[in-house]
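As provided, query.csv (CSV, C-alpha atoms and all ligand atoms) reads as follows.
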```csv
chain,number,residue,atom,x,y,z
A,309,MET,CA,0.0,0.0,0.0
A,310,PRO,CA,1.5,3.4,-1.0
A,311,THR,CA,2.3,5.8,1.9
A,312,LEU,CA,1.4,9.5,1.9
A,313,VAL,CA,2.3,11.9,4.7
A,314,LEU,CA,-0.1,14.8,5.4
A,315,ALA,CA,2.3,17.8,5.6
A,316,THR,CA,0.3,19.9,8.1
A,317,ARG,CA,0.2,20.5,11.8
A,318,ASN,CA,-3.4,21.9,11.6
A,319,ALA,CA,-5.6,19.4,13.3
A,320,GLY,CA,-8.7,20.5,11.4
A,321,LYS,CA,-7.0,19.9,8.1
A,322,VAL,CA,-5.6,16.5,9.2
A,323,ARG,CA,-9.1,15.4,10.2
A,324,GLU,CA,-10.7,16.5,6.9
A,325,LEU,CA,-8.0,15.1,4.7
A,326,ALA,CA,-7.9,11.8,6.6
A,327,GLU,CA,-11.7,11.4,6.4
A,328,MET,CA,-11.6,12.0,2.6
A,329,LEU,CA,-8.7,9.6,2.0
A,330,ALA,CA,-10.2,6.8,4.1
A,331,GLY,CA,-10.7,3.7,2.0
A,332,SER,CA,-8.5,5.1,-0.8
A,333,GLY,CA,-6.0,2.3,-0.5
A,334,ILE,CA,-3.3,4.8,0.7
A,335,ASP,CA,-1.5,4.5,4.0
A,336,VAL,CA,-2.2,8.0,5.3
A,337,ARG,CA,0.3,9.2,7.9
A,338,SER,CA,0.3,12.5,9.8
A,339,LEU,CA,3.1,14.8,11.0
A,340,ALA,CA,2.1,13.9,14.6
A,341,GLU,CA,4.4,10.9,14.0
A,342,TRP,CA,7.3,13.2,13.5
A,343,PRO,CA,6.9,15.8,16.3
A,344,ASP,CA,10.6,17.0,16.0
A,345,LEU,CA,10.4,17.8,12.3
A,346,ALA,CA,11.0,21.6,11.9
A,347,ASP,CA,8.1,23.8,10.8
A,348,VAL,CA,8.5,25.2,7.3
A,349,VAL,CA,8.7,29.0,7.0
A,350,GLU,CA,5.7,30.0,4.9
A,351,ASP,CA,7.2,33.1,3.3
A,352,ALA,CA,5.8,32.8,-0.3
A,353,ASP,CA,3.2,35.3,-1.2
A,354,THR,CA,0.9,32.8,-3.0
A,355,PHE,CA,-1.0,29.7,-1.8
A,356,ALA,CA,0.7,27.7,-4.5
A,357,GLY,CA,4.1,28.8,-3.4
A,358,ASN,CA,3.6,27.9,0.3
A,359,ALA,CA,1.9,24.6,-0.5
A,360,THR,CA,4.8,23.6,-2.8
A,361,LYS,CA,7.3,24.7,-0.1
A,362,LYS,CA,5.6,22.6,2.6
A,363,ALA,CA,5.2,19.5,0.5
A,364,VAL,CA,8.8,19.5,-0.9
A,365,ALA,CA,10.4,20.2,2.5
A,366,THR,CA,8.4,17.3,4.1
A,367,ALA,CA,8.9,14.8,1.3
A,368,THR,CA,12.7,15.4,1.1
A,369,ALA,CA,13.1,15.4,4.9
A,370,LEU,CA,11.2,12.1,5.5
A,371,GLY,CA,11.9,10.3,2.2
A,372,LEU,CA,8.2,9.8,1.7
A,373,PRO,CA,5.6,11.3,-0.6
A,374,ALA,CA,3.9,14.3,1.1
A,375,LEU,CA,0.7,16.2,0.6
A,376,ALA,CA,0.5,19.9,1.7
A,377,ASP,CA,-2.4,22.2,1.8
A,378,ASP,CA,-2.1,26.0,1.9
A,379,SER,CA,-5.4,27.7,2.2
A,380,GLY,CA,-7.1,30.8,3.5
A,381,LEU,CA,-10.0,33.2,3.3
A,382,VAL,CA,-10.0,35.9,0.6
A,383,VAL,CA,-12.4,38.7,1.6
A,384,ASP,CA,-13.4,41.2,-1.1
A,385,ALA,CA,-14.2,44.1,1.2
A,386,LEU,CA,-10.7,43.8,2.7
A,387,ASP,CA,-8.9,43.8,-0.7
A,388,GLY,CA,-8.3,40.0,-0.4
A,389,ARG,CA,-7.1,39.8,3.1
A,390,PRO,CA,-6.4,37.8,5.2
A,391,GLY,CA,-5.6,35.6,2.3
A,392,VAL,CA,-2.2,33.8,2.6
A,393,TYR,CA,-2.0,35.3,6.1
A,394,SER,CA,-5.2,33.7,7.4
A,395,ALA,CA,-3.5,31.4,10.0
A,396,ARG,CA,-1.6,34.4,11.5
A,397,TYR,CA,-4.3,37.1,11.1
A,398,GLY,CA,-4.6,39.2,14.2
A,399,GLY,CA,-1.2,38.0,15.5
A,400,PRO,CA,0.0,34.8,17.1
A,401,GLY,CA,-1.9,33.3,20.0
A,402,LEU,CA,-5.4,34.1,19.0
A,403,THR,CA,-8.0,31.4,19.1
A,404,ASP,CA,-10.1,30.6,16.0
A,405,PRO,CA,-13.2,32.4,17.5
A,406,GLU,CA,-11.0,35.4,18.3
A,407,ARG,CA,-9.8,35.5,14.7
A,408,CYS,CA,-13.4,35.4,13.5
A,409,GLU,CA,-14.3,38.3,15.8
A,410,ARG,CA,-11.3,40.2,14.6
A,411,LEU,CA,-12.4,39.7,11.0
A,412,LEU,CA,-16.0,41.0,11.7
A,413,ALA,CA,-14.5,44.0,13.6
A,414,GLU,CA,-12.3,44.8,10.6
A,415,LEU,CA,-15.3,44.6,8.3
A,416,ALA,CA,-17.2,47.0,10.6
A,417,ASP,CA,-14.2,49.4,10.4
A,418,HIS,CA,-14.8,49.3,6.6
A,419,GLY,CA,-18.5,50.1,7.2
A,420,GLN,CA,-19.6,46.6,6.2
A,421,THR,CA,-21.5,43.9,8.0
A,422,SER,CA,-20.9,41.3,5.3
A,423,SER,CA,-18.7,40.7,2.2
A,424,ALA,CA,-18.3,38.4,-0.7
A,425,ALA,CA,-15.4,36.0,0.0
A,426,ARG,CA,-14.0,32.7,-0.9
A,427,PHE,CA,-11.8,30.0,0.7
A,428,ARG,CA,-8.9,29.1,-1.5
A,429,CYS,CA,-6.8,26.0,-1.4
A,430,ALA,CA,-3.6,25.0,-3.1
A,431,MET,CA,-2.7,21.4,-2.7
A,432,ALA,CA,0.8,20.2,-3.5
A,433,LEU,CA,2.0,16.6,-3.7
A,434,ALA,CA,5.7,16.1,-3.6
A,435,ARG,CA,7.9,13.1,-4.1
A,436,PRO,CA,11.1,12.5,-2.1
A,437,ASP,CA,13.1,13.4,-5.3
A,438,GLY,CA,11.5,16.9,-5.2
A,439,ALA,CA,9.1,16.4,-8.1
A,440,VAL,CA,5.8,18.2,-7.3
A,441,VAL,CA,2.3,18.4,-8.7
A,442,LEU,CA,-0.2,21.1,-7.8
A,443,ARG,CA,-4.0,21.4,-7.8
A,444,GLU,CA,-6.1,24.5,-6.7
A,445,ALA,CA,-9.7,25.1,-5.9
A,446,ALA,CA,-12.0,27.8,-4.4
A,447,TRP,CA,-15.3,27.8,-2.3
A,448,GLU,CA,-17.4,30.9,-2.9
A,449,GLY,CA,-19.6,32.5,-0.2
A,450,THR,CA,-20.2,35.4,2.1
A,451,VAL,CA,-18.6,36.4,5.4
A,452,ARG,CA,-21.2,37.5,7.9
A,453,GLY,CA,-21.6,37.4,11.7
A,454,PRO,CA,-22.5,36.4,14.3
A,455,ARG,CA,-20.6,33.2,14.6
A,456,ARG,CA,-22.8,30.2,14.1
A,457,GLY,CA,-22.1,26.4,14.3
A,458,GLU,CA,-19.7,24.2,16.2
A,459,ASN,CA,-18.3,22.0,13.4
A,460,GLY,CA,-15.2,22.6,11.2
A,461,PHE,CA,-12.4,25.0,12.3
A,462,GLY,CA,-10.9,28.4,11.5
A,463,TYR,CA,-13.3,30.9,9.9
A,464,ASP,CA,-16.1,28.3,9.3
A,465,PRO,CA,-18.5,29.9,11.8
A,466,VAL,CA,-18.6,33.2,9.9
A,467,PHE,CA,-18.5,31.8,6.3
A,468,GLU,CA,-21.8,31.2,4.5
A,469,PRO,CA,-21.1,29.0,1.4
A,470,ALA,CA,-23.0,30.0,-1.7
A,471,ASP,CA,-24.0,26.4,-2.2
A,472,ALA,CA,-25.3,25.5,1.2
A,473,ASP,CA,-27.6,26.9,4.0
A,474,GLY,CA,-26.1,28.5,7.1
A,475,THR,CA,-22.4,28.6,7.8
A,476,ALA,CA,-19.7,26.1,7.0
A,477,ALA,CA,-19.5,25.3,10.7
A,478,GLN,CA,-23.2,24.2,10.6
A,479,LEU,CA,-22.4,21.6,7.9
A,480,ASP,CA,-21.7,18.0,8.8
A,481,SER,CA,-18.3,16.9,7.7
A,482,PRO,CA,-19.3,14.8,4.7
A,483,THR,CA,-21.1,17.8,3.3
A,484,LYS,CA,-18.3,20.2,4.0
A,485,ASN,CA,-15.8,17.8,2.5
A,486,ARG,CA,-17.9,17.4,-0.7
A,487,LEU,CA,-18.2,21.2,-1.2
A,488,SER,CA,-15.2,22.8,0.3
A,489,HIS,CA,-12.0,24.3,-1.4
A,490,ARG,CA,-10.0,21.5,0.3
A,491,GLY,CA,-12.5,18.8,-0.8
A,492,GLN,CA,-12.5,20.0,-4.4
A,493,ALA,CA,-8.7,20.3,-4.5
A,494,LEU,CA,-8.3,16.8,-3.0
A,495,ALA,CA,-10.7,15.3,-5.5
A,496,LEU,CA,-8.6,16.8,-8.3
A,497,MET,CA,-5.5,15.3,-6.7
A,498,VAL,CA,-7.0,11.9,-6.3
A,499,ALA,CA,-8.1,11.9,-10.0
A,500,LEU,CA,-4.5,12.8,-10.9
A,501,LEU,CA,-3.2,9.9,-8.7
A,502,ARG,CA,-5.6,7.6,-10.5
A,503,ASP,CA,-4.0,8.6,-13.8
A,504,GLN,CA,-0.5,8.6,-12.5
A,505,PRO,CA,-0.2,6.1,-9.6
A,506,GLU,CA,3.6,6.3,-10.0
A,507,LEU,CA,3.5,9.6,-8.1
A,508,LEU,CA,3.2,7.6,-4.9
A,509,ALA,CA,5.5,4.7,-5.9
A,510,ASP,CA,8.7,4.1,-3.9
B,601,LIG,P1,-0.2,24.1,8.1
B,601,LIG,O1,0.6,25.2,7.5
B,601,LIG,O2,0.6,23.3,9.1
B,601,LIG,O3,-1.0,23.3,7.1
B,601,LIG,P2,-1.9,26.3,9.0
B,601,LIG,O4,-3.1,26.4,9.8
B,601,LIG,O5,-0.8,27.3,9.3
B,601,LIG,O6,-1.4,24.8,9.0
B,601,LIG,P3,-2.3,27.7,6.4
B,601,LIG,O7,-1.0,28.5,6.5
B,601,LIG,O8,-2.7,27.0,5.1
B,601,LIG,O9,-2.3,26.4,7.4
B,601,LIG,O10,-3.5,28.6,6.9
B,601,LIG,C1,-4.8,28.2,6.7
B,601,LIG,C2,-5.7,29.0,7.5
B,601,LIG,O11,-6.8,29.4,6.8
B,601,LIG,C3,-6.2,28.2,8.7
B,601,LIG,O12,-5.4,28.3,9.8
B,601,LIG,C4,-7.6,28.8,8.9
B,601,LIG,O13,-7.6,30.0,9.7
B,601,LIG,C5,-8.0,29.2,7.4
B,601,LIG,N1,-8.7,28.1,6.8
B,601,LIG,C6,-8.3,27.3,5.8
B,601,LIG,N2,-9.2,26.3,5.5
B,601,LIG,C7,-10.2,26.6,6.2
B,601,LIG,C8,-11.5,25.9,6.4
B,601,LIG,O14,-11.8,24.8,5.7
B,601,LIG,N3,-12.3,26.4,7.3
B,601,LIG,C9,-12.0,27.5,8.0
B,601,LIG,N4,-10.9,28.1,8.0
B,601,LIG,C10,-10.0,27.7,7.1
```

What would you get if you wrote out this structure as structure tokens?
Ligand code: ITT
Amino acid sequence: MPTLVLATRNAGKVRELAEMLAGSGIDVRSLAEWPDLADVVEDADTFAGNATKKAVATATALGLPALADDSGLVVDALDGRPGVYSARYGGPGLTDPERCERLLAELADHGQTSSAARFRCAMALARPDGAVVLREAAWEGTVRGPRRGENGFGYDPVFEPADADGTAAQLDSPTKNRLSHRGQALALMVALLRDQPELLAD
């Protein structure tokens, strides 16, 4: 069975990716098995650049194929922010609910109670030799408070997908995984692996 390491320390991403890859015939491993592996500096200014960096660094360090996700929320009324800085928005040490509140406060500073927005995801699969393939997807919707829902993670409680009722945090995980930026990007990656299984070969 081919092995694939999920190159992320975000527990919400690990849960969603592992759920979606269950039954795929891939031995899915997480970075929790390598607690001492150094974090990758995410200094690229694009989702694709950071995803590629995380996947290549992990695959070359561990000698195993690695899948990285770089994602974030792009808010029109904030000129695309927080974008690639979504994980660090508002500074280090904030909780996910505090980041959601910060986002709503910044929208209010701009005189808005809501804004068109989208989650974007770049997913990179790297082999230990450094070869890398990339797939990208987006999930359109609206940012609006108050926070609603207990599922998901990150900005889900203030993101209303265009293709579902309520917020992303009110969706059950199979529904979120089917619709989301991450779910769509992973589906594209799985289709690529079906065509090119050698990407996961030893
Ligand atoms: P890794 O780099 O270890 O994967 P990270 O959390 O730092 O973890 P990113 O740099 O890709 O990952 O930042 C993604 C952030 O975007 C994440 O922390 C959330 O705040 C937000 N985000 C991404 N996908 C999301 C989703 O499905 N629902 C809610 N928020 C999401």

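Using all atoms listed in the file, residues with at least one atom at most 6 Å away from any atom of ligand LIG 601 (chain B) are Thr316, Arg317, Asn318, Asp377, Asp378, Ser379, Gly380, Ser394, Ala395, Phe461, Gly462, Tyr463 and Asp464 of chain A.
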
Taking all atoms listed in the file into account, which of A:Ala352, A:Met328, A:Val440, A:Val392 comes nearest A:Val364? A:Val440

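Residues surrounding A:Pro310 within 9 Å are Gly333, Ile334, Asp335, Val336, Pro373, Leu508, Ala509 and Asp510 of chain A [all atoms listed in the file; sequence separation below 3 positions excluded].
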
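The two atoms in question, atom CA of A:Leu411 and atom CA of A:Arg443, are spaced 27.5 Å apart.
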
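Proximity to A:Arg490 was assessed for A:Ala363, A:Ala476, A:Leu325, A:Ala315 counting all atoms listed in the file; the smallest distance is recorded for A:Leu325.
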
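Nearest to A:Asn459 of all the residues A:Val313, A:Arg323, A:Ala495, A:Arg410 is A:Arg323, counting only C-alpha atoms.
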
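Counting all atoms listed in the file and comparing A:Leu412, A:Ala330, A:Ala376, A:Val451, the residue that lies closest to A:Ala493 is A:Ala376.
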
Would you kindly return, as JSON, numbers by chain, each protein, DNA or RNA residue with an atom no farther than 9 Å from any atom of A:Glu468, considering all atoms listed in the file and excluding same-chain residues fewer than 3 positions away? {"A": [448, 449, 450, 451, 452, 464, 465, 471, 472, 473, 474, 475, 476, 477]}

Restricting it to C-alpha atoms, dump the selection as an mmCIF file, in the frame of the given file.
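Wrote it out as selection_31.cif, contents follow:
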```cif
data_model
loop_
_atom_site.group_PDB
_atom_site.id
_atom_site.type_symbol
_atom_site.label_atom_id
_atom_site.label_comp_id
_atom_site.auth_asym_id
_atom_site.auth_seq_id
_atom_site.Cartn_x
_atom_site.Cartn_y
_atom_site.Cartn_z
ATOM 1 C CA GLU A 448 -17.400 30.900 -2.900
ATOM 2 C CA GLY A 449 -19.600 32.500 -0.200
ATOM 3 C CA THR A 450 -20.200 35.400 2.100
ATOM 4 C CA VAL A 451 -18.600 36.400 5.400
ATOM 5 C CA ARG A 452 -21.200 37.500 7.900
ATOM 6 C CA ASP A 464 -16.100 28.300 9.300
ATOM 7 C CA PRO A 465 -18.500 29.900 11.800
ATOM 8 C CA ASP A 471 -24.000 26.400 -2.200
ATOM 9 C CA ALA A 472 -25.300 25.500 1.200
ATOM 10 C CA ASP A 473 -27.600 26.900 4.000
ATOM 11 C CA GLY A 474 -26.100 28.500 7.100
ATOM 12 C CA THR A 475 -22.400 28.600 7.800
ATOM 13 C CA ALA A 476 -19.700 26.100 7.000
ATOM 14 C CA ALA A 477 -19.500 25.300 10.700
#
```

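Straight-line separation from atom CA of A:Lys361 to atom CA of A:Val348: 7.5 Å.
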
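Ranking A:Asp351, A:Glu406, A:Asp344, A:Asp437 by their shortest atom-to-atom distance to A:Leu372, with only C-alpha atoms included, puts A:Asp437 first.
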
If we count only C-alpha atoms, what is near A:Phe427 at a cut-off of 6 Å, once residues fewer than 3 positions away on the same chain are taken out, given as an MDAnalysis selection string? chainID A and resid 380:381 446:447

In Å, with one decimal, what is the gap from atom CA of A:Ala356 to atom CA of A:Met431? 7.4 Å

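Among the candidates A:Thr311, A:Ser488, A:Thr483, A:Thr366, the one nearest to A:Arg426 when counting only C-alpha atoms is A:Ser488.
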
Report as a list of chain:residue names all protein, DNA and RNA residues lying within 10 Å of A:Leu500, evaluated on only C-alpha atoms, omitting residues in the same chain fewer than 4 positions from it. A:Val441, A:Leu442, A:Arg443, A:Leu494, A:Ala495, A:Leu496, A:Gln504, A:Pro505, A:Leu507

Could those selected residues go to a file with C-alpha atoms, as an mmCIF file, in the coordinates of the input?
```
data_model
loop_
_atom_site.group_PDB
_atom_site.id
_atom_site.type_symbol
_atom_site.label_atom_id
_atom_site.label_comp_id
_atom_site.auth_asym_id
_atom_site.auth_seq_id
_atom_site.Cartn_x
_atom_site.Cartn_y
_atom_site.Cartn_z
ATOM 1 C CA VAL A 441 2.300 18.400 -8.700
ATOM 2 C CA LEU A 442 -0.200 21.100 -7.800
ATOM 3 C CA ARG A 443 -4.000 21.400 -7.800
ATOM 4 C CA LEU A 494 -8.300 16.800 -3.000
ATOM 5 C CA ALA A 495 -10.700 15.300 -5.500
ATOM 6 C CA LEU A 496 -8.600 16.800 -8.300
ATOM 7 C CA GLN A 504 -0.500 8.600 -12.500
ATOM 8 C CA PRO A 505 -0.200 6.100 -9.600
ATOM 9 C CA LEU A 507 3.500 9.600 -8.100
#
```

Supply stretch 357-368 of chain A as a tab-separated table (two decimals), keeping the file's coordinate frame, with all heavy atoms built in where the input has gaps.
```tsv
chain	number	residue	atom	x	y	z
A	357	GLY	N	2.72	28.78	-3.82
A	357	GLY	CA	4.10	28.80	-3.40
A	357	GLY	C	4.32	28.18	-2.04
A	357	GLY	O	5.27	27.40	-1.82
A	358	ASN	N	3.44	28.50	-1.10
A	358	ASN	CA	3.60	27.90	0.30
A	358	ASN	C	3.26	26.45	0.28
A	358	ASN	O	3.92	25.68	0.99
A	358	ASN	CB	2.68	28.70	1.24
A	358	ASN	CG	3.27	30.05	1.63
A	358	ASN	OD1	4.48	30.18	1.80
A	358	ASN	ND2	2.42	31.05	1.77
A	359	ALA	N	2.25	26.02	-0.48
A	359	ALA	CA	1.90	24.60	-0.50
A	359	ALA	C	3.09	23.80	-1.07
A	359	ALA	O	3.47	22.74	-0.54
A	359	ALA	CB	0.66	24.36	-1.35
A	360	THR	N	3.69	24.31	-2.14
A	360	THR	CA	4.80	23.60	-2.80
A	360	THR	C	5.99	23.53	-1.76
A	360	THR	O	6.61	22.47	-1.60
A	360	THR	CB	5.28	24.40	-4.02
A	360	THR	OG1	4.18	24.44	-4.93
A	360	THR	CG2	6.48	23.73	-4.68
A	361	LYS	N	6.24	24.64	-1.06
A	361	LYS	CA	7.30	24.70	-0.10
A	361	LYS	C	7.13	23.61	1.01
A	361	LYS	O	8.04	22.86	1.36
A	361	LYS	CB	7.40	26.06	0.53
A	361	LYS	CG	8.79	26.58	0.66
A	361	LYS	CD	8.86	27.94	1.29
A	361	LYS	CE	10.19	27.96	2.04
A	361	LYS	NZ	10.43	29.16	2.78
A	362	LYS	N	5.91	23.55	1.55
A	362	LYS	CA	5.60	22.60	2.60
A	362	LYS	C	5.73	21.17	2.17
A	362	LYS	O	6.28	20.31	2.86
A	362	LYS	CB	4.22	22.88	3.22
A	362	LYS	CG	4.13	24.18	4.01
A	362	LYS	CD	2.79	24.33	4.75
A	362	LYS	CE	1.71	24.97	3.95
A	362	LYS	NZ	0.52	25.37	4.74
A	363	ALA	N	5.20	20.88	0.97
A	363	ALA	CA	5.20	19.50	0.50
A	363	ALA	C	6.65	19.05	0.18
A	363	ALA	O	7.05	17.94	0.57
A	363	ALA	CB	4.35	19.39	-0.78
A	364	VAL	N	7.41	19.90	-0.51
A	364	VAL	CA	8.80	19.50	-0.90
A	364	VAL	C	9.65	19.33	0.34
A	364	VAL	O	10.41	18.35	0.47
A	364	VAL	CB	9.37	20.52	-1.89
A	364	VAL	CG1	10.86	20.25	-2.12
A	364	VAL	CG2	8.61	20.49	-3.21
A	365	ALA	N	9.55	20.26	1.29
A	365	ALA	CA	10.40	20.20	2.50
A	365	ALA	C	10.07	18.89	3.27
A	365	ALA	O	10.99	18.19	3.76
A	365	ALA	CB	10.15	21.39	3.39
A	366	THR	N	8.79	18.53	3.36
A	366	THR	CA	8.40	17.30	4.10
A	366	THR	C	8.84	16.07	3.40
A	366	THR	O	9.40	15.14	4.01
A	366	THR	CB	6.88	17.33	4.36
A	366	THR	OG1	6.51	18.56	5.01
A	366	THR	CG2	6.46	16.17	5.23
A	367	ALA	N	8.59	16.01	2.09
A	367	ALA	CA	8.90	14.80	1.30
A	367	ALA	C	10.43	14.55	1.32
A	367	ALA	O	10.87	13.40	1.47
A	367	ALA	CB	8.40	14.93	-0.11
A	368	THR	N	11.21	15.62	1.16
A	368	THR	CA	12.70	15.40	1.10
A	368	THR	C	13.22	15.08	2.49
A	368	THR	O	14.13	14.27	2.63
A	368	THR	CB	13.39	16.63	0.49
A	368	THR	OG1	12.98	17.81	1.20
A	368	THR	CG2	13.06	16.80	-0.96
```
